[in-house]
$ cat my_file.txt   # compact mmCIF, C-alpha atoms
# COMPACT_ATOMS: atom_id res chain seq x y z
CA MET A 20 -23.94 -95.45 33.05
CA PRO A 21 -23.41 -91.86 34.20
CA THR A 22 -21.75 -91.26 37.54
CA GLU A 23 -23.54 -89.42 40.33
CA ILE A 24 -21.47 -86.28 39.61
CA GLU A 25 -22.35 -86.45 35.91
CA LYS A 26 -26.04 -86.67 36.78
CA LYS A 27 -25.84 -83.71 39.17
CA VAL A 28 -23.87 -81.51 36.76
CA LEU A 29 -26.01 -82.35 33.73
CA ASN A 30 -29.21 -81.77 35.71
CA LEU A 31 -27.96 -78.38 36.87
CA LEU A 32 -26.81 -77.34 33.38
CA SER A 33 -30.13 -78.45 31.88
CA VAL A 34 -32.18 -76.09 34.03
CA VAL A 35 -33.72 -73.29 31.97
CA ASP A 36 -33.86 -70.72 34.77
CA TYR A 37 -31.75 -71.47 37.83
CA SER A 38 -33.10 -70.07 41.08
CA GLY A 39 -31.67 -72.48 43.61
CA GLY A 40 -30.34 -69.83 45.97
CA SER A 41 -26.63 -70.41 45.45
CA ASP A 42 -24.42 -69.67 42.50
CA PRO A 43 -24.37 -72.67 40.10
CA GLY A 44 -20.66 -72.24 39.35
CA GLN A 45 -19.75 -72.24 43.03
CA LEU A 46 -22.05 -75.19 43.61
CA ILE A 47 -20.31 -77.16 40.86
CA ALA A 48 -16.90 -76.21 42.26
CA SER A 49 -18.01 -77.46 45.69
CA TRP A 50 -18.64 -80.88 44.13
CA GLY A 51 -14.91 -81.21 43.39
CA ASN A 52 -12.46 -81.60 40.54
CA GLU A 53 -14.51 -84.23 38.72
CA ALA A 54 -17.44 -81.83 38.45
CA VAL A 55 -15.21 -78.95 37.31
CA THR A 56 -13.59 -81.18 34.69
CA LEU A 57 -17.00 -82.28 33.46
CA VAL A 58 -18.25 -78.69 33.08
CA CYS A 59 -15.08 -77.76 31.21
CA GLU A 60 -15.44 -80.74 28.87
CA ILE A 61 -19.07 -79.83 28.18
CA ALA A 62 -18.10 -76.20 27.55
CA LEU A 63 -15.42 -77.34 25.11
CA ALA A 64 -18.02 -79.48 23.25
CA GLY A 65 -16.47 -82.69 24.51
CA TYR A 66 -19.84 -84.28 25.21
CA PRO A 67 -21.59 -85.02 21.91
CA GLY A 68 -25.35 -85.21 21.77
CA LEU A 69 -26.13 -82.54 24.35
CA LEU A 70 -28.50 -79.72 23.57
CA PRO A 71 -26.67 -76.50 22.62
CA LYS A 72 -28.21 -74.75 25.66
CA VAL A 73 -26.42 -77.17 27.99
CA ARG A 74 -23.10 -76.16 26.44
CA THR A 75 -23.86 -72.43 26.65
CA ASN A 76 -24.92 -72.88 30.28
CA ALA A 77 -21.65 -74.71 30.98
CA VAL A 78 -19.65 -71.81 29.56
CA ALA A 79 -21.69 -69.30 31.54
CA VAL A 80 -21.23 -71.03 34.91
CA LEU A 81 -17.45 -71.02 34.45
CA GLU A 82 -17.52 -67.33 35.39
CA THR A 83 -17.74 -68.22 39.08
CA VAL A 84 -15.76 -71.46 39.10
CA ASP A 85 -12.48 -70.44 40.74
CA HIS A 86 -10.27 -73.21 39.41
CA PRO A 87 -7.24 -73.18 37.05
CA GLN A 88 -8.98 -75.57 34.65
CA SER A 89 -12.01 -73.30 34.33
CA LYS A 90 -9.79 -70.29 33.65
CA GLU A 91 -7.91 -72.13 30.91
CA THR A 92 -11.18 -73.34 29.40
CA VAL A 93 -12.52 -69.79 29.31
CA ARG A 94 -9.29 -68.61 27.66
CA LEU A 95 -9.74 -71.23 24.95
CA LEU A 96 -13.37 -70.29 24.36
CA VAL A 97 -13.17 -66.49 24.02
CA LYS A 98 -12.29 -66.95 20.34
CA ASP A 99 -14.86 -69.69 19.66
CA ALA A 100 -16.42 -69.49 16.20
CA ASP A 101 -19.91 -69.71 17.74
CA SER A 102 -20.70 -66.19 18.98
CA ASP A 103 -23.09 -67.56 21.64
CA ILE A 104 -20.16 -69.45 23.16
CA SER A 105 -17.65 -66.65 22.64
CA ILE A 106 -19.90 -64.05 24.28
CA ARG A 107 -20.48 -66.21 27.34
CA ALA A 108 -16.76 -66.97 27.55
CA LEU A 109 -15.95 -63.26 27.35
CA ARG A 110 -18.39 -62.57 30.18
CA ALA A 111 -16.80 -65.38 32.17
CA ALA A 112 -13.32 -64.00 31.48
CA GLY A 113 -14.39 -60.61 32.80
CA GLY A 114 -16.02 -62.14 35.85
CA GLN A 115 -12.92 -64.23 36.56
CA ARG A 116 -10.61 -61.25 35.96
CA ASN A 117 -8.87 -63.71 33.63
CA ALA A 118 -5.68 -61.89 32.65
CA ALA A 119 -4.49 -64.89 30.62
CA SER A 120 -7.29 -64.16 28.13
CA VAL A 121 -6.28 -60.56 27.40
CA ARG A 122 -3.99 -61.36 24.48
CA ASP A 123 -6.70 -63.43 22.79
CA MET A 124 -9.23 -60.65 23.34
CA ALA A 125 -6.89 -58.03 21.93
CA SER A 126 -6.44 -60.14 18.80
CA LEU A 127 -10.23 -60.43 18.43
CA LEU A 128 -10.43 -56.63 18.28
CA GLN A 129 -8.03 -56.70 15.32
CA SER A 130 -10.46 -58.77 13.25
CA THR A 131 -12.25 -56.84 10.53
CA SER A 132 -15.13 -59.33 10.59
CA LEU A 133 -15.80 -59.18 14.35
CA GLN A 134 -19.49 -58.75 15.14
CA PRO A 135 -20.22 -55.52 17.04
CA LEU A 136 -21.98 -57.41 19.84
CA VAL A 137 -18.89 -59.56 20.37
CA ALA A 138 -16.72 -56.41 20.29
CA VAL A 139 -18.89 -54.94 23.07
CA GLU A 140 -18.33 -58.04 25.19
CA VAL A 141 -14.58 -57.90 24.55
CA VAL A 142 -14.49 -54.27 25.70
CA LYS A 143 -16.59 -55.06 28.79
CA ALA A 144 -14.32 -58.00 29.69
CA LEU A 145 -11.16 -55.93 29.26
CA LEU A 146 -12.67 -53.19 31.45
CA ALA A 147 -13.42 -55.77 34.15
CA ILE A 148 -9.96 -57.36 33.99
CA ALA A 149 -8.33 -53.93 34.28
CA THR A 150 -4.70 -55.07 34.16
CA PRO A 151 -2.13 -52.82 32.45
CA GLU A 152 -2.21 -55.19 29.45
CA ALA A 153 -6.04 -54.97 29.31
CA ARG A 154 -5.91 -51.16 29.52
CA ALA A 155 -3.30 -51.10 26.73
CA ALA A 156 -5.54 -53.29 24.56
CA LEU A 157 -8.44 -50.90 25.14
CA ALA A 158 -6.28 -47.86 24.35
CA GLY A 159 -5.04 -49.49 21.15
CA TYR A 160 -8.58 -50.33 20.15
CA ALA A 161 -9.80 -46.80 20.91
CA ALA A 162 -7.09 -45.44 18.60
CA SER A 163 -7.80 -47.95 15.82
CA ASP A 164 -9.12 -46.96 12.40
CA ARG A 165 -12.92 -47.05 12.29
CA LYS A 166 -12.84 -47.61 8.53
CA LYS A 167 -10.55 -50.60 8.80
CA TYR A 168 -12.48 -52.14 11.72
CA PRO A 169 -16.22 -51.54 11.11
CA HIS A 170 -17.15 -52.70 14.62
CA ARG A 171 -15.04 -49.85 16.01
CA ALA A 172 -17.54 -47.33 14.57
CA ASN A 173 -20.53 -49.01 16.23
CA PRO A 174 -22.28 -46.67 18.72
CA LEU A 175 -22.81 -49.43 21.29
CA VAL A 176 -19.12 -50.38 21.16
CA ASN A 177 -18.20 -46.72 21.61
CA SER A 178 -20.54 -46.31 24.58
CA TYR A 179 -18.58 -48.98 26.44
CA LEU A 180 -15.20 -47.89 25.14
CA GLU A 181 -15.83 -44.42 26.59
CA LYS A 182 -15.78 -46.03 30.06
CA ALA A 183 -12.13 -47.02 29.64
CA PRO A 184 -9.69 -45.08 31.80
CA LYS A 185 -7.77 -42.52 29.81

$ encode --input "my_file.txt" --output "structure tokens"
Amino acid sequence: MPTEIEKKVLNLLSVVDYSGGSDPGQLIASWGNEAVTLVCEIALAGYPGLLPKVRTNAVAVLETVDHPQSKETVRLLVKDADSDISIRALRAAGGQRNAASVRDMASLLQSTSLQPLVAVEVVKALLAIATPEARAALAGYAASDRKKYPHRANPLVNSYLEKAPK
């Protein structure tokens, strides 16, 4: 039998288009540690049988959950094999200014098989985090070989990379 918190969190994450007036991540955080833990477990695929959209929503709401557990969960998910999850985690990392994720993001940019859309989200997240380590990762990526890293030659990636401080 699900607890009251489980019901509230699952109902919120199951909504297709949230327009409740307050931020869903902040709302979940206001429900306490049990709710935050539940969202993190769902984001990490710890609840089998849920629709994929519930998991992607869980990852997305972590952006505004100001809690150490949510930040660690986001750090773990930026390199998720599912690009839908990874992209939402990268957006959450940028929104959280999650400096602990920078090293993982920098290593993503060194992957020759990285999808250009994911590379764009990495660049956007690093721009938002804006720590010296994030700026160094962006500078290293800007100087990287476009032939070795095909995503580096992508025009959309370059349009965001041009926004990096020189």

$ atom_distance --input "my_file.txt" --atom1 "CA of Val139 in chain A" --atom2 "CA of Val73 in chain A"
24.0 Å

$ closest_residue --input "my_file.txt" --among "A:Ser178, A:Ser89, A:Gln134, A:Gln129" --to "Ala111 in chain A" --atoms "all atoms listed in the file"
A:Ser89

$ closest_residue --input "my_file.txt" --among "A:Pro87, A:Pro169, A:Pro21, A:Pro184" --to "Ser132 in chain A" --atoms "all atoms listed in the file"
A:Pro169

$ residues_near_point --input "my_file.txt" --point "(-10.3, -69.2, 34.3)" --cutoff "9 Å" --atoms "only C-alpha atoms" --output "PyMOL selection string"
chain A and resi 81-94+111-112+115-120

$ residues_around --input "my_file.txt" --residues "Asn173 in chain A" --least-positions-apart "2" --cutoff "10 Å" --atoms "only C-alpha atoms" --output "ChimeraX atom specification"
/A:134-136,138-139,165,168-171,175-178

$ closest_residue --input "my_file.txt" --among "A:Lys26, A:Lys72, A:Lys98, A:Arg107" --to "Lys143 in chain A" --atoms "only C-alpha atoms"
A:Arg107

$ closest_residue --input "my_file.txt" --among "A:Asp101, A:Glu53, A:Asp123, A:Glu181" --to "Glu152 in chain A" --atoms "all atoms listed in the file"
A:Asp123

$ atom_distance --input "my_file.txt" --atom1 "CA of Lys182 in chain A" --atom2 "CA of Ser102 in chain A"
23.5 Å

$ atom_distance --input "my_file.txt" --atom1 "CA of Val78 in chain A" --atom2 "CA of Tyr179 in chain A"
23.1 Å

$ residues_around --input "my_file.txt" --residues "Thr75 in chain A" --least-positions-apart "4" --cutoff "10 Å" --atoms "all atoms listed in the file" --output "list in words"
Leu32, Ile61, Ala62, Leu63, Ala64, Leu70, Pro71, Ala79, Val80, Asp103, Ile104, Ser105, Ile106, Arg107 and Ala108 of chain A

$ closest_residue --input "my_file.txt" --among "A:Trp50, A:Ala153, A:Lys167, A:Tyr66" --to "Ser130 in chain A" --atoms "all atoms listed in the file"
A:Lys167

$ closest_residue --input "my_file.txt" --among "A:Leu29, A:Leu146, A:Val121, A:Ala48" --to "Leu69 in chain A" --atoms "only C-alpha atoms"
A:Leu29

$ residues_around --input "my_file.txt" --residues "Ala125 in chain A" --least-positions-apart "6" --cutoff "12 Å" --atoms "all atoms listed in the file" --output "list in words"
Val97, Lys98, Leu109, Ala118, Ala119, Leu133, Ala138, Glu140, Val141, Val142, Ala144, Leu145, Glu152, Ala153, Arg154, Ala155, Ala156, Leu157, Ala158, Gly159, Tyr160, Ala161 and Ser163 of chain A
